[in-house]
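Asks: Sending over a structure as structure tokens; questions will come in a sec.
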Amino acid sequence: MTIRTRFAPSPTGMLHIGGARTALFSWLYARHHGGEFLLRIEDTDRQRSTDEATQVILEGLRWLGIDWDGEPVFQSQREAEHVMAAEQLIESGHAYRCYCTHEELEAMREAQRAAGKKPMYDGRCRHRSDQPAGEPYVVRFRSPDVGQTIVHDLVLGDVVFDNAELDDLILLRSDGTPTYNLAVVADDAAMGITHVVRGADHLNNTPRQIQLYQALGLPVPQFAHIPLIHGPDGAKMSKRHGAVAITEYRDAGYLPDALVNYLARLGWSHGDQEVFSRDELIELFDLRQVGKTAARFDQQKLDWLNALYLREAKPSSLVDEVRRFLRVDVCCGPDLAEVIAILQERSRTLVELANGARFFYVRPEQYDPKAVKKHFREESWGLLDAFVSAVEAMEAFDAEKVHDVIRGICEQAGVGMGKLAQPIRILVSGGAVSPPIDRTLELLGREETLLRVRKGMARLREGAVS
RNA sequence: GCUCCCAUCGUCUAGCGGUCUAGGACGUCGCCCUCUCACGGCGAAAACAGGGGUUCGAGUCCCCUUGGGAGUACCA
């Protein structure tokens, strides 16, 4: 039997971290077993579903590199099949028409709550024989009220539910449209899904769905409920936790491979290993190694992984992305790939990298006052003058020569290299932080270096900041 | 309230009855390297929620308590 899984988001919002991980696990499981991974858009809630949300979800999955087989199935287009399934259940006696009004139901639930009971439909229309013409009705599932339904979960193990706890759920609304539980069962069966991998928030729906499979005479798939992801404070992930939409991570300069690696390790493990390539994940992923406990999202660990992937990437593979984040013209400055090469090990995100690269292409407008105050002293001017003269006299201008020049001047003056390197750094970059000064100047080139140092000295001497 | 799930360092986790004076990673804190920032190296602090059992032996099995979480819609 070939394994077939699916991801079934409802397009009522963004693809968030939790959904992305569910999709990832489902995808990894299918790919690991050489099976298929399908997509189904659960857009039966017409009020809240939007095409924009659908597009954003697909875009997020593509960016993460989670590819799906075939075309996405839109649940709303399968309504006829859902209605047929409901009719089949009525005919077989597994479902019935219910004429209860909202008011009636609310009153019933209120009474139950007041009595300290769990609000449940009491089945009052089960044996109703009249069929009032023109009265609106819903179709309810006649759920068994004795016995137990057991979910054999691949992650959680066997979970037992007393059937008495499950009431008669609505299959068809009064406008004739199908509800979630009916639609999922009908669609998963029609799509030939063998393993339903989804968030643990669906565990409570599972016994009802198993009953529906059985009533419809359909094979029950395997289930795997993976624990939820919580925000840093332990509560459910929500907007107030900052970035939750997958696209926000892309825009913040995270690499898809890093995010995938991080998400995979959130709830799944393979011994002590922390870093996994995509191929390794597919090769090693197993539902049996998925933990049962909800995980908190840890931005700092993601940052660490992203930095790791960033510094191990080929500079040329980062050029397009970095240029996008830079938003400045790079045609007149040093080769961007070379700039990336010296910046990638000192950046955690593409945004940081781009920010660090910007001064190579844009002359500093101002100089960080705190840096100036800290690094410019009386002796600085003499050292800088000596540096300018030395550079003018240099035959070749490369990192090694620049290093020698700076060191030579400092040794002669009997001071550490920082006494000269820092003022230069501030004058060429505007701040106290940059890649190694020799490589930085080499990339800027002799003319640009001289221009920035001279101009900077003049401006600071005017007392602008110093 | 009721039903269901979960419980090892701050965080992600290893552990599948004895190898645990509990391992790794992120983060934190020292030290080293050093022209800044990083990278890298070395080291440190840091956990089995509590209580009962079962067993020769429990982080590992069972029960209770506590604490989190999910569900409880004519949403998905």
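Order determines the names: the first chain of the structure tokens is A, the second B, and so forth; residues in each chain are numbered 1 upward, and ligands are numbered 1 upward as they are shown.
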Run DSSP on the backbone and grab whatever in region 75-302 of chain A lands in strand (DSSP E); send it over as a VMD selection string.

Replies: chain A and resid 95 to 98 138 to 141 148 to 153 157 to 162 170 to 172 195 to 199 222 to 226 229 to 230 295 to 296

Asks: Please give the complete set of residues from region 80-279 of chain A that DSSP, run on the backbone, assigns to alpha helix (DSSP H), formatted as a count of residues only.

Replies: 65

Asks: Hey, what's within 12 Å of Gly123 (chain A) if we count only C-alpha atoms (C1' of nucleotides) and toss same-chain stuff fewer than 2 positions away? As a ChimeraX atom specification, please?

Replies: /A:95-100,105,108,120-121,125-128,139-145,164,166-170

Asks: To one decimal place, how far is CA of Val73 (chain A) from CA of His94 (chain A) in Å?

Replies: 27.3 Å

Asks: What lies within 9 Å of region 24-41 of chain B using only C-alpha atoms (C1' of nucleotides), ignoring chain neighbours under 3 positions off, as a PyMOL selection string?

Replies: (chain A and resi 271-274+298+300-302+304+343+345-347+416-422+425+432-438) or (chain B and resi 10-14+44-45)

Asks: Near Arg461 (chain A), within 12 Å and counting only C-alpha atoms (C1' of nucleotides), which residues show up once chain neighbours fewer than 5 positions away are dropped, as a list in words?

Replies: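 That gives Val372, Phe376, Arg377, Glu378, Ser380, Trp381, Val453, Arg454, Lys455, Gly456 and Ser466 of chain A.
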
Asks: Using C-alpha atoms, can you export the residues from the last selection as a PDB file, in the first residue's frame?

Replies:
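Listing of out_24.pdb after writing:
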ATOM      1  CA  VAL A 372      33.438  58.801  17.550  1.00  0.00           C
ATOM      2  CA  PHE A 376      38.779  59.518  18.417  1.00  0.00           C
ATOM      3  CA  ARG A 377      41.495  60.996  20.584  1.00  0.00           C
ATOM      4  CA  GLU A 378      44.213  63.567  20.017  1.00  0.00           C
ATOM      5  CA  SER A 380      44.049  59.714  16.136  1.00  0.00           C
ATOM      6  CA  TRP A 381      44.626  62.590  13.751  1.00  0.00           C
ATOM      7  CA  VAL A 453      38.945  59.003   5.107  1.00  0.00           C
ATOM      8  CA  ARG A 454      39.822  62.504   3.920  1.00  0.00           C
ATOM      9  CA  LYS A 455      36.232  63.653   3.780  1.00  0.00           C
ATOM     10  CA  GLY A 456      35.511  62.161   7.163  1.00  0.00           C
ATOM     11  CA  SER A 466      33.796  65.214  17.816  1.00  0.00           C
TER      12      SER A 466
END

Asks: Neighbouring residues of Gly382 (chain A) were defined as those with any atom within 10 Å, considering only C-alpha atoms (C1' of nucleotides); residues of the same chain fewer than 6 positions away were excluded. Please report them as an MDAnalysis selection string.

Replies: chainID A and resid 388 409 413 420

Asks: Write out as a ChimeraX atom specification the residues lying within 9 Å of A76 (chain B), counting only C-alpha atoms (C1' of nucleotides) and excluding same-chain residues fewer than 2 positions away.

Replies: /A:9-10,12,42-45,179-181

Asks: Would you save the residues of that selection, restricted to all heavy atoms, as an mmCIF file, in the first residue's frame?

Replies:
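again-v2.cif, written as the output of this step:
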data_model
loop_
_atom_site.group_PDB
_atom_site.id
_atom_site.type_symbol
_atom_site.label_atom_id
_atom_site.label_comp_id
_atom_site.auth_asym_id
_atom_site.auth_seq_id
_atom_site.Cartn_x
_atom_site.Cartn_y
_atom_site.Cartn_z
ATOM 1 N N PRO A 9 -5.403 22.976 5.050
ATOM 2 C CA PRO A 9 -5.608 24.257 5.736
ATOM 3 C C PRO A 9 -6.926 24.901 5.327
ATOM 4 O O PRO A 9 -7.441 24.628 4.239
ATOM 5 C CB PRO A 9 -4.441 25.096 5.221
ATOM 6 C CG PRO A 9 -4.210 24.593 3.831
ATOM 7 C CD PRO A 9 -4.482 23.103 3.901
ATOM 8 N N SER A 10 -7.463 25.715 6.218
ATOM 9 C CA SER A 10 -8.638 26.486 5.827
ATOM 10 C C SER A 10 -8.148 27.895 5.523
ATOM 11 O O SER A 10 -7.403 28.479 6.300
ATOM 12 C CB SER A 10 -9.678 26.489 6.937
ATOM 13 O OG SER A 10 -9.185 27.175 8.059
ATOM 14 N N THR A 12 -8.627 30.895 5.903
ATOM 15 C CA THR A 12 -9.251 32.005 6.616
ATOM 16 C C THR A 12 -8.195 32.919 7.213
ATOM 17 O O THR A 12 -8.500 33.866 7.912
ATOM 18 C CB THR A 12 -10.144 31.468 7.757
ATOM 19 O OG1 THR A 12 -9.367 30.560 8.552
ATOM 20 C CG2 THR A 12 -11.323 30.726 7.189
ATOM 21 N N GLU A 42 -9.667 23.744 2.654
ATOM 22 C CA GLU A 42 -10.964 23.577 3.308
ATOM 23 C C GLU A 42 -11.689 24.908 3.383
ATOM 24 O O GLU A 42 -11.674 25.590 4.399
ATOM 25 C CB GLU A 42 -10.758 22.954 4.690
ATOM 26 C CG GLU A 42 -9.897 21.697 4.587
ATOM 27 C CD GLU A 42 -10.339 20.576 5.510
ATOM 28 O OE1 GLU A 42 -10.717 20.873 6.650
ATOM 29 O OE2 GLU A 42 -10.293 19.409 5.066
ATOM 30 N N ASP A 43 -12.324 25.228 2.286
ATOM 31 C CA ASP A 43 -12.952 26.544 2.127
ATOM 32 C C ASP A 43 -14.474 26.479 2.243
ATOM 33 O O ASP A 43 -15.174 27.231 1.581
ATOM 34 C CB ASP A 43 -12.553 27.123 0.770
ATOM 35 C CG ASP A 43 -12.904 26.163 -0.371
ATOM 36 O OD1 ASP A 43 -13.266 25.007 -0.072
ATOM 37 O OD2 ASP A 43 -12.824 26.579 -1.537
ATOM 38 N N THR A 44 -14.959 25.573 3.083
ATOM 39 C CA THR A 44 -16.416 25.463 3.189
ATOM 40 C C THR A 44 -17.042 26.561 4.025
ATOM 41 O O THR A 44 -18.246 26.727 4.030
ATOM 42 C CB THR A 44 -16.821 24.099 3.778
ATOM 43 O OG1 THR A 44 -16.072 23.885 4.971
ATOM 44 C CG2 THR A 44 -16.521 22.992 2.799
ATOM 45 N N ASP A 45 -16.209 27.294 4.745
ATOM 46 C CA ASP A 45 -16.741 28.447 5.476
ATOM 47 C C ASP A 45 -16.660 29.640 4.531
ATOM 48 O O ASP A 45 -15.682 30.369 4.500
ATOM 49 C CB ASP A 45 -15.913 28.698 6.744
ATOM 50 C CG ASP A 45 -16.488 29.847 7.567
ATOM 51 O OD1 ASP A 45 -17.368 30.563 7.052
ATOM 52 O OD2 ASP A 45 -16.050 30.016 8.713
ATOM 53 N N THR A 179 -20.988 20.224 6.837
ATOM 54 C CA THR A 179 -20.090 20.765 7.860
ATOM 55 C C THR A 179 -18.751 20.031 7.815
ATOM 56 O O THR A 179 -18.601 19.011 7.144
ATOM 57 C CB THR A 179 -20.688 20.599 9.272
ATOM 58 O OG1 THR A 179 -20.944 19.222 9.492
ATOM 59 C CG2 THR A 179 -21.950 21.415 9.417
ATOM 60 N N TYR A 180 -17.843 20.559 8.573
ATOM 61 C CA TYR A 180 -16.464 20.078 8.585
ATOM 62 C C TYR A 180 -16.286 18.571 8.733
ATOM 63 O O TYR A 180 -15.662 17.920 7.901
ATOM 64 C CB TYR A 180 -15.714 20.793 9.704
ATOM 65 C CG TYR A 180 -14.349 20.225 9.984
ATOM 66 C CD1 TYR A 180 -13.314 20.407 9.083
ATOM 67 C CD2 TYR A 180 -14.105 19.498 11.149
ATOM 68 C CE1 TYR A 180 -12.051 19.871 9.333
ATOM 69 C CE2 TYR A 180 -12.857 18.964 11.407
ATOM 70 C CZ TYR A 180 -11.838 19.153 10.495
ATOM 71 O OH TYR A 180 -10.609 18.617 10.748
ATOM 72 N N ASN A 181 -16.851 18.008 9.792
ATOM 73 C CA ASN A 181 -16.575 16.599 10.066
ATOM 74 C C ASN A 181 -17.030 15.663 8.937
ATOM 75 O O ASN A 181 -16.336 14.694 8.628
ATOM 76 C CB ASN A 181 -17.201 16.192 11.398
ATOM 77 C CG ASN A 181 -16.370 16.685 12.574
ATOM 78 O OD1 ASN A 181 -15.248 16.249 12.768
ATOM 79 N ND2 ASN A 181 -16.907 17.638 13.329
#

Asks: Using Å and a single decimal, report how far CA of Ala80 (chain A) sits from CA of Pro178 (chain A).

Replies: 9.1 Å
